[in-house]
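Worksheet for the structure shown next.
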Amino acid sequence: MSAQSYDTFVLAFSDPAINSADPQRARVDGNSSFEIFDDSHVQTLSSNNGEGDIEGLLYVPDLLPSDLCFHMSTSYIPINVTRLSDLPATEYLYVAIAPWISARCALSYLAAAQGATAFMFYHPDNGSSTPPPVSDPSWDLGDGGRWKAQNKFPVYAIPGLEGAIIMQELAQYNGNSSNPLIQGILAYEQFDQSDYVRLYTSFGTDGSSNLPSLWAFLLIVLGIVIVLIGTTSFSMHFFQRRHRNALRRRVERGEVDLESLGIKRSTPVSQEEIDKLPTYIYTPSSDTPKETTANPPNHSSPASSDPLPSQTFYSQSSCTICLEDFIPNEDKVRSLPCHHIYHPQCIDTHLSSRSSRCPVCMAQVLPRKNEPITYAMVRAERRIRERERRERGEDADGQWSSNLRGRFESGRRVFSMPVPHVFSGSNNEHTRSQIEMDTVGGGARAASSPLRLPNLATLEMSGAQSEDPRLPPANGYPRRALILRQATRPRPGQSLEDEETERWARMPTWRRALGTIFPGFR
Amino acid sequence: MAQKRIAKEYSELQKKPLEGMKISLPSEADMHQWQILIDGPKGSPYEGGVFTLHLSLPTEYPFKPPTLSFKTKIYHPNVTNDDKGSMCLGMLRADEWKPSSKIDAVLSFAKALLLEPQADDAVEGGIAREYKENKKEFVKNAKAWTKQYAKR
Ligand SMILES: [Zn+2]
Ligand SMILES: [Zn+2]
């Protein structure tokens with residue numbers, strides 16, 4: 001870690017060799033002695049192991065007299081400056097200081113300072129300004145920076161003037177009590193006359209004020225990236241949500257039928273929802289059917305307010321699931337919103353295990369609310385709508401009916417073989433009642449919500465009896481519904497939902513995570 | 001319930017057989033497997049042939065659709081040209097199936113398909129293309145296959 005500041009002051013301390021049991025230390029007041037504190041001109045040359053408190057008794061490393069630098073340094077270093085031999089040998093940390101005379105001498109000093117906690121250099125001619133940064137050629141030791149790895153301690157640089165002053169003071173605060181300055185301090189601080197008074201240096205390596213450099217920059221970049229991702233993700237979610245809500249509203253209003261468009265798999269009905277569908281005792285006569293369960297909230301009174309139930313009871317004499325006739329006044333029957341009736345055990349199995357639609361007329365049993373709408377549905381529905389718009393555009397020149405009729409015809413054959421109408425013999429009594437049922441059911445639904453896409457059974461009937469005023473117009477929604485159905489039919493037996501789930505399961509985890517954050521990215 | 005309904009439908013079909021179809025149970029003990037012999041409909045390239053079909057009714061019937069397969073090889077866009085000979089179309093699809101649909105409708109559907117293949121919903125793309133683009137060739141091939149595989 002790099003240093004932000006350093007503090008060099010006078011320290012009085014007991015000789016650990018004599019008084020190791022109770023070591024005494026006292027910082028001598030700088031006003032009456034000497035202190036340099038600088039928190040704005042320290043340059044870090046090497047931050048090796050520069051962690052925690054970096055401090056120690058200050059000294060000048062000894063060079064061998066044979067070293068040329070020994071002689072070169074004499075003009076910068078007073079003769080009686082504090083050397084390692086002037087300091088107690090045990091239990092103290094040491095900080096080395098030396099002038100940066102040349103690259104070669106710097107290497108000599110660094111080599112001589114092994115065992116120090118830090119090294120302080122100064123350019124003797126640098127003045128009082130901040131030393132140049134480590135990248136400056138004046139610090140180049142000609143080894144490509146290898147010296148940093150070789151020295152286990154951090155290396156700092158201080159202004160030249162401060163370095164020169166400290167060097168002078170290192171000669172003042174040295175020696176024993178025969179030095180009057182030392183003797184006065186020891187007496188004043190109530191130390192033993194055999195104790196020490198020396199310069200002490202500590203470096204401030206405050207981590208947090210270090211931040212404005214590279215880390216802060218990285219944090220800012222990271223922050224911007226996070227904010228960008230966040231806003232993108234948020235707006236994608238927001239718009240998708242709006243589209244989903246819009247589609248949900250249209251589904252609730254009955255303008256769209258996702259299941260018949262092949263977008264949504266029909267959902268099995270929960271037992272709770274099934275229990276809301278009323279059951280009656282089957283009565284073949286025009287007597288009011290006896291109700292056996294409480295009225296569900298959406299059918300306030302099916303027997304009295306709605307004329308259809310009794311009619312239904314006449315025309316449907318058997319259960320189309322088990323094909324058994326209803327036993328009058330004995331069999332319990334469940335009535336769906338479309339007024340088709342079944343044995344509860346028959347229809348409940350169908351509803352709970354297969355589909356939320358009436359097995360005869362495919363009318364929806366569930367209230368069209370709270371349907372989970374995924375964005376894939378939104379896109380599929382939009383695609384269908386666009387295709388349909390295109391088709392309508394093409395047909396605007398009068399080709400409309402012939403073009404569409406062909407599709408309608410083939411669609412009818414392909415996708416729904418009308419069970420009784422086309423193939424069964426019409427002498428079959430049971431079948432005829434089914435046809436009546438379909439007509440009645442379809443008419444009722446068309447009348448109650450004209451916009452809802454009619455089911456196929458109704459369409460077939462409307463093809464056969466288009467003069468029936470209760471049925472949807474022959475050139476309105478029904479055909480459109482059929483075209484959509486045909487155009488978007490997914491692979492057999494599979495809905496868009498299944499495909500989507502499958503695709504999602506095949507994706508690697510990171511793609512899934514990405515898809516969750518950026519819902520449009522699929 | 002499946003057993004009862006299947007038995008009912010079976011006896012109904014025995015009493016009032018569909019035209020050009022013979023229905024039997026390969027094993028009297030298993031009501032879920034039916035064998036059907038269909039005469040190639042008049043006016044179709046399959047005329048003169050007799051086709052063996054296999055109808056398998058799932059235990060969940062009528063909630064799940066039956067599966068229909070041709071045991072006799074047939075040149076048809078909607079029947080797979082393998083040893084399964086399966087036909088998956090329209091009402092027989094899991095998502096199209098209604099429990100109120102009956103087996104007679106399924107069989108009538110199969111027969112109607114012999115009269116008029118659904119090339120847009122084909123399982124055999126090559127045959128479908130031929131049916132749409134070169135009907136003559138299709139009829140020729142279908143007739144040849146009928147002669148070869150569906151002899152009386
Ligand atoms: Zn029943
Ligand atoms: Zn119904």
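The way I read the labels, and the way they are meant: chains A, B, ... in the order of the structure tokens, residue 1 as the first residue of every chain, and ligand 1 as the first ligand shown, with later ones counted on from there.
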Self-check item: Spatial neighbours of B:Pro41, max dist 9 Å, only C-alpha atoms, sep filter under 2 positions, as number ranges by chain
Solution: B: 20, 38-39, 43-49, 111-112, 114-115
For stretch 132-149 of chain A, list every protein, DNA or RNA residue within 6 Å, evaluated using only C-alpha atoms, and leave out those in the same chain fewer than 2 positions away; present the list as a compact mmCIF listing (two decimals) with N, CA and C atoms, in the first residue's frame.
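Contents of the output file selection_7.txt:
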# COMPACT_ATOMS: atom_id res chain seq x y z
N LEU A 45 7.40 4.73 -4.07
CA LEU A 45 8.18 4.15 -5.16
C LEU A 45 7.94 2.64 -5.27
N ALA A 103 21.64 5.93 -9.37
CA ALA A 103 20.99 4.63 -9.37
C ALA A 103 21.89 3.59 -8.67
N ASN A 151 13.58 -6.20 -2.81
CA ASN A 151 13.48 -5.63 -1.47
C ASN A 151 12.11 -5.90 -0.88
Exercise. Determine which residues of chain B sit within 10 Å of chain A, taking into account only C-alpha atoms, and present them as a VMD selection string.
Key: chain B and resid 1 to 6 8 to 9 18 60 to 64 88 to 109 112 to 113 116 to 118 120 to 121
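Of the residues in stretch 71-133 of chain B, those that DSSP places in alpha helix (DSSP H) on the basis of the backbone are Ile103, Asp104, Ala105, Val106, Leu107, Ser108, Phe109, Ala110, Lys111, Ala112, Leu113, Leu114, Leu115, Gly125, Gly126, Ile127, Ala128, Arg129, Glu130, Tyr131, Lys132 and Glu133 of chain B.
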Self-check item: Polymer residues at most 6 Å from A:Ala12, only C-alpha atoms, same-chain spacing of 2 or more positions, as a list of chain:residue names
Solution: A:Arg25, A:Ala26, A:Tyr196, A:Val197
For the selection just defined, write its residues with C-alpha atoms to a file, as a PDB file, in the first residue's frame.
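Okay, again.pdb is ready:
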ATOM      1  CA  ARG A  25       8.520   5.137  25.306  1.00  0.00           C
ATOM      2  CA  ALA A  26       7.677   8.777  25.157  1.00  0.00           C
ATOM      3  CA  TYR A 196      17.808   6.703  24.309  1.00  0.00           C
ATOM      4  CA  VAL A 197      16.538   9.728  22.431  1.00  0.00           C
TER       5      VAL A 197
END
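For ligand 2, the protein and nucleic acid residues at most 9 Å away, judged by only C-alpha atoms and all ligand atoms, amount to Ser335, Leu336, Pro337, Cys338, His339, His340, Ile341, Arg357, Cys358, Pro359, Val360, Cys361, Met362, Ala363, Gln364, Val365, Met437, Asp438, Gly441 and Gly442 of chain A.
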Can I get the selected residues back with N, CA and C atoms, as an mmCIF file, in the first residue's frame?
data_model
loop_
_atom_site.group_PDB
_atom_site.id
_atom_site.type_symbol
_atom_site.label_atom_id
_atom_site.label_comp_id
_atom_site.auth_asym_id
_atom_site.auth_seq_id
_atom_site.Cartn_x
_atom_site.Cartn_y
_atom_site.Cartn_z
ATOM 1 N N SER A 335 -73.354 -29.153 -14.125
ATOM 2 C CA SER A 335 -73.635 -28.283 -15.262
ATOM 3 C C SER A 335 -72.495 -27.289 -15.444
ATOM 4 N N LEU A 336 -71.970 -27.233 -16.651
ATOM 5 C CA LEU A 336 -70.899 -26.281 -16.950
ATOM 6 C C LEU A 336 -71.520 -24.945 -17.350
ATOM 7 N N PRO A 337 -70.742 -23.880 -17.350
ATOM 8 C CA PRO A 337 -71.297 -22.574 -17.739
ATOM 9 C C PRO A 337 -71.966 -22.606 -19.121
ATOM 10 N N CYS A 338 -71.547 -23.522 -19.993
ATOM 11 C CA CYS A 338 -72.161 -23.621 -21.313
ATOM 12 C C CYS A 338 -73.437 -24.443 -21.267
ATOM 13 N N HIS A 339 -73.805 -24.909 -20.094
ATOM 14 C CA HIS A 339 -75.031 -25.680 -19.856
ATOM 15 C C HIS A 339 -74.967 -27.103 -20.371
ATOM 16 N N HIS A 340 -73.796 -27.551 -20.706
ATOM 17 C CA HIS A 340 -73.675 -28.983 -20.966
ATOM 18 C C HIS A 340 -73.570 -29.691 -19.633
ATOM 19 N N ILE A 341 -74.220 -30.867 -19.558
ATOM 20 C CA ILE A 341 -74.218 -31.566 -18.274
ATOM 21 C C ILE A 341 -73.527 -32.922 -18.407
ATOM 22 N N ARG A 357 -61.907 -26.998 -20.608
ATOM 23 C CA ARG A 357 -62.936 -26.737 -21.599
ATOM 24 C C ARG A 357 -63.990 -27.833 -21.610
ATOM 25 N N CYS A 358 -65.176 -27.431 -22.005
ATOM 26 C CA CYS A 358 -66.271 -28.381 -22.124
ATOM 27 C C CYS A 358 -65.914 -29.391 -23.217
ATOM 28 N N PRO A 359 -66.037 -30.678 -22.935
ATOM 29 C CA PRO A 359 -65.662 -31.689 -23.917
ATOM 30 C C PRO A 359 -66.522 -31.651 -25.183
ATOM 31 N N VAL A 360 -67.687 -31.076 -25.091
ATOM 32 C CA VAL A 360 -68.539 -31.040 -26.278
ATOM 33 C C VAL A 360 -68.317 -29.766 -27.081
ATOM 34 N N CYS A 361 -68.413 -28.630 -26.411
ATOM 35 C CA CYS A 361 -68.409 -27.385 -27.178
ATOM 36 C C CYS A 361 -67.112 -26.602 -26.996
ATOM 37 N N MET A 362 -66.201 -27.095 -26.180
ATOM 38 C CA MET A 362 -64.895 -26.469 -25.954
ATOM 39 C C MET A 362 -65.004 -25.086 -25.298
ATOM 40 N N ALA A 363 -66.158 -24.770 -24.732
ATOM 41 C CA ALA A 363 -66.271 -23.484 -24.051
ATOM 42 C C ALA A 363 -65.448 -23.517 -22.769
ATOM 43 N N GLN A 364 -64.908 -22.373 -22.447
ATOM 44 C CA GLN A 364 -64.048 -22.254 -21.273
ATOM 45 C C GLN A 364 -64.879 -22.373 -19.997
ATOM 46 N N VAL A 365 -64.382 -23.163 -19.045
ATOM 47 C CA VAL A 365 -65.085 -23.346 -17.789
ATOM 48 C C VAL A 365 -64.597 -22.346 -16.752
ATOM 49 N N MET A 437 -77.782 -29.591 -29.011
ATOM 50 C CA MET A 437 -77.027 -29.046 -27.887
ATOM 51 C C MET A 437 -75.987 -28.050 -28.349
ATOM 52 N N ASP A 438 -75.255 -28.433 -29.333
ATOM 53 C CA ASP A 438 -74.199 -27.561 -29.834
ATOM 54 C C ASP A 438 -74.791 -26.239 -30.298
ATOM 55 N N GLY A 441 -75.988 -24.269 -27.216
ATOM 56 C CA GLY A 441 -74.834 -23.796 -26.455
ATOM 57 C C GLY A 441 -74.125 -22.675 -27.187
ATOM 58 N N GLY A 442 -73.900 -22.873 -28.452
ATOM 59 C CA GLY A 442 -73.181 -21.880 -29.243
ATOM 60 C C GLY A 442 -73.955 -20.582 -29.302
#
Practice problem: With a distance cut-off of 9 Å and only C-alpha atoms, select the neighbouring residues of A:Gly204, excluding the residue or stretch itself and same-chain residues fewer than 2 positions from it, and output the selection as a ChimeraX atom specification. | Solution: /A:2-7,39,53-54,202,206
Quiz item: Quick one, how far is atom CA of B:Tyr75 from atom CA of B:Thr146?
Solution: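 The value is 7.8 Å.
Here atom CA of A:Trp100 and atom CA of A:Ser73 stand 9.3 Å from one another.
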Quiz prompt | Atomic separation - atom CA of A:Phe239 relative to atom CA of A:Arg382, Å | solution = 14.5 Å
Quiz prompt | Nearby residues (only C-alpha atoms) at most 7 Å from stretch 34-37 of chain B, same-chain spacing under 5 positions excluded, as an MDAnalysis selection string | solution = chainID B and resid 21:26 50:56
Quiz item: Near B:Ile74, counting only C-alpha atoms, which residues have an atom at most 10 Å away, once you skip same-chain residues fewer than 5 positions from it, shown as a PyMOL selection string?
Solution: chain B and resi 46+49+51+79-82+85+114+141-146+148-150
For all heavy atoms, I'd like the residues from the last selection saved as a compact mmCIF listing (two decimals), in the first residue's frame.
# COMPACT_ATOMS: atom_id res chain seq x y z
N TYR B 46 -57.09 -46.01 -53.45
CA TYR B 46 -56.98 -47.18 -52.59
C TYR B 46 -58.12 -48.18 -52.85
O TYR B 46 -58.21 -49.21 -52.19
CB TYR B 46 -56.98 -46.76 -51.12
CG TYR B 46 -55.99 -45.64 -50.85
CD1 TYR B 46 -56.42 -44.33 -50.65
CD2 TYR B 46 -54.61 -45.89 -50.85
CE1 TYR B 46 -55.52 -43.30 -50.44
CE2 TYR B 46 -53.70 -44.87 -50.65
CZ TYR B 46 -54.16 -43.58 -50.44
OH TYR B 46 -53.26 -42.57 -50.25
N GLY B 49 -58.42 -52.23 -52.49
CA GLY B 49 -57.54 -52.77 -51.46
C GLY B 49 -58.28 -52.89 -50.14
O GLY B 49 -59.32 -52.26 -49.93
N PHE B 51 -57.35 -52.54 -46.04
CA PHE B 51 -56.28 -52.08 -45.16
C PHE B 51 -56.55 -52.50 -43.72
O PHE B 51 -57.65 -52.32 -43.21
CB PHE B 51 -56.15 -50.56 -45.24
CG PHE B 51 -55.76 -50.08 -46.61
CD1 PHE B 51 -56.73 -49.88 -47.60
CD2 PHE B 51 -54.43 -49.86 -46.93
CE1 PHE B 51 -56.37 -49.46 -48.87
CE2 PHE B 51 -54.07 -49.44 -48.20
CZ PHE B 51 -55.04 -49.24 -49.18
N VAL B 79 -49.82 -40.75 -43.39
CA VAL B 79 -49.49 -41.98 -42.68
C VAL B 79 -47.99 -42.20 -42.81
O VAL B 79 -47.45 -42.15 -43.91
CB VAL B 79 -50.26 -43.19 -43.25
CG1 VAL B 79 -49.90 -44.46 -42.49
CG2 VAL B 79 -51.76 -42.94 -43.21
N THR B 80 -47.34 -42.42 -41.67
CA THR B 80 -45.89 -42.59 -41.74
C THR B 80 -45.54 -43.86 -42.50
O THR B 80 -46.15 -44.91 -42.32
CB THR B 80 -45.26 -42.65 -40.32
OG1 THR B 80 -45.85 -43.72 -39.61
CG2 THR B 80 -45.47 -41.35 -39.58
N ASN B 81 -44.53 -43.70 -43.33
CA ASN B 81 -44.13 -44.81 -44.19
C ASN B 81 -43.07 -45.66 -43.48
O ASN B 81 -41.98 -45.86 -43.96
CB ASN B 81 -43.59 -44.23 -45.50
CG ASN B 81 -43.29 -45.31 -46.52
OD1 ASN B 81 -43.73 -46.45 -46.36
ND2 ASN B 81 -42.53 -44.95 -47.53
N ASP B 82 -43.42 -46.14 -42.28
CA ASP B 82 -42.51 -47.01 -41.55
C ASP B 82 -43.31 -48.20 -41.02
O ASP B 82 -44.48 -48.35 -41.34
CB ASP B 82 -41.82 -46.26 -40.41
CG ASP B 82 -42.82 -45.58 -39.49
OD1 ASP B 82 -44.01 -45.93 -39.57
OD2 ASP B 82 -42.43 -44.72 -38.69
N GLY B 85 -46.65 -47.09 -39.20
CA GLY B 85 -47.80 -46.65 -40.00
C GLY B 85 -48.72 -45.73 -39.23
O GLY B 85 -49.93 -45.77 -39.39
N LEU B 114 -58.67 -41.20 -46.36
CA LEU B 114 -58.28 -41.98 -47.53
C LEU B 114 -58.84 -41.35 -48.79
O LEU B 114 -58.21 -41.33 -49.84
CB LEU B 114 -58.78 -43.42 -47.40
CG LEU B 114 -58.13 -44.28 -46.30
CD1 LEU B 114 -58.65 -45.70 -46.38
CD2 LEU B 114 -56.62 -44.26 -46.41
N ASN B 141 -48.80 -44.06 -57.98
CA ASN B 141 -48.04 -44.73 -56.92
C ASN B 141 -48.95 -45.36 -55.88
O ASN B 141 -48.73 -46.49 -55.43
CB ASN B 141 -47.10 -43.74 -56.24
CG ASN B 141 -45.89 -43.43 -57.11
OD1 ASN B 141 -45.45 -44.27 -57.88
ND2 ASN B 141 -45.39 -42.20 -57.01
N ALA B 142 -49.97 -44.59 -55.47
CA ALA B 142 -50.87 -45.09 -54.44
C ALA B 142 -51.56 -46.36 -54.92
O ALA B 142 -51.74 -47.33 -54.17
CB ALA B 142 -51.89 -44.02 -54.08
N LYS B 143 -51.95 -46.35 -56.19
CA LYS B 143 -52.63 -47.53 -56.76
C LYS B 143 -51.68 -48.72 -56.77
O LYS B 143 -52.05 -49.85 -56.42
CB LYS B 143 -53.11 -47.23 -58.17
CG LYS B 143 -54.48 -46.56 -58.19
CD LYS B 143 -54.98 -46.40 -59.62
CE LYS B 143 -56.40 -45.87 -59.62
NZ LYS B 143 -56.79 -45.37 -60.95
N ALA B 144 -50.43 -48.47 -57.15
CA ALA B 144 -49.45 -49.55 -57.21
C ALA B 144 -49.23 -50.17 -55.84
O ALA B 144 -49.19 -51.38 -55.69
CB ALA B 144 -48.13 -49.00 -57.77
N TRP B 145 -49.13 -49.29 -54.85
CA TRP B 145 -48.92 -49.80 -53.48
C TRP B 145 -50.14 -50.60 -53.03
O TRP B 145 -50.01 -51.62 -52.36
CB TRP B 145 -48.67 -48.65 -52.51
CG TRP B 145 -47.26 -48.12 -52.54
CD1 TRP B 145 -46.51 -47.90 -53.63
CD2 TRP B 145 -46.48 -47.76 -51.41
NE1 TRP B 145 -45.28 -47.42 -53.27
CE2 TRP B 145 -45.22 -47.32 -51.90
CE3 TRP B 145 -46.70 -47.76 -50.02
CZ2 TRP B 145 -44.22 -46.88 -51.06
CZ3 TRP B 145 -45.70 -47.32 -49.19
CH2 TRP B 145 -44.45 -46.88 -49.70
N THR B 146 -51.30 -50.08 -53.35
CA THR B 146 -52.52 -50.77 -52.95
C THR B 146 -52.53 -52.18 -53.53
O THR B 146 -52.83 -53.15 -52.85
CB THR B 146 -53.75 -49.98 -53.44
OG1 THR B 146 -53.65 -48.64 -52.97
CG2 THR B 146 -55.04 -50.60 -52.93
N GLN B 148 -49.99 -53.86 -54.47
CA GLN B 148 -48.91 -54.71 -53.95
C GLN B 148 -49.14 -55.15 -52.50
O GLN B 148 -48.88 -56.29 -52.14
CB GLN B 148 -47.59 -53.95 -54.06
CG GLN B 148 -46.38 -54.84 -53.79
CD GLN B 148 -45.08 -54.07 -53.96
OE1 GLN B 148 -45.06 -52.97 -54.50
NE2 GLN B 148 -44.00 -54.66 -53.49
N TYR B 149 -49.61 -54.18 -51.66
CA TYR B 149 -49.65 -54.49 -50.22
C TYR B 149 -51.06 -54.75 -49.69
O TYR B 149 -51.19 -55.39 -48.66
CB TYR B 149 -49.05 -53.34 -49.41
CG TYR B 149 -47.61 -53.03 -49.76
CD1 TYR B 149 -47.27 -51.87 -50.45
CD2 TYR B 149 -46.59 -53.91 -49.39
CE1 TYR B 149 -45.96 -51.58 -50.77
CE2 TYR B 149 -45.27 -53.63 -49.71
CZ TYR B 149 -44.96 -52.47 -50.40
OH TYR B 149 -43.67 -52.20 -50.72
N ALA B 150 -52.07 -54.21 -50.35
CA ALA B 150 -53.41 -54.27 -49.76
C ALA B 150 -54.34 -55.18 -50.54
O ALA B 150 -55.53 -54.93 -50.64
CB ALA B 150 -53.99 -52.86 -49.69
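For the residues A:Cys69, A:Ala171, A:Ala376, A:Ile327, ranking by smallest atom-to-atom distance to ligand 1 using only C-alpha atoms and all ligand atoms places A:Ile327 first.
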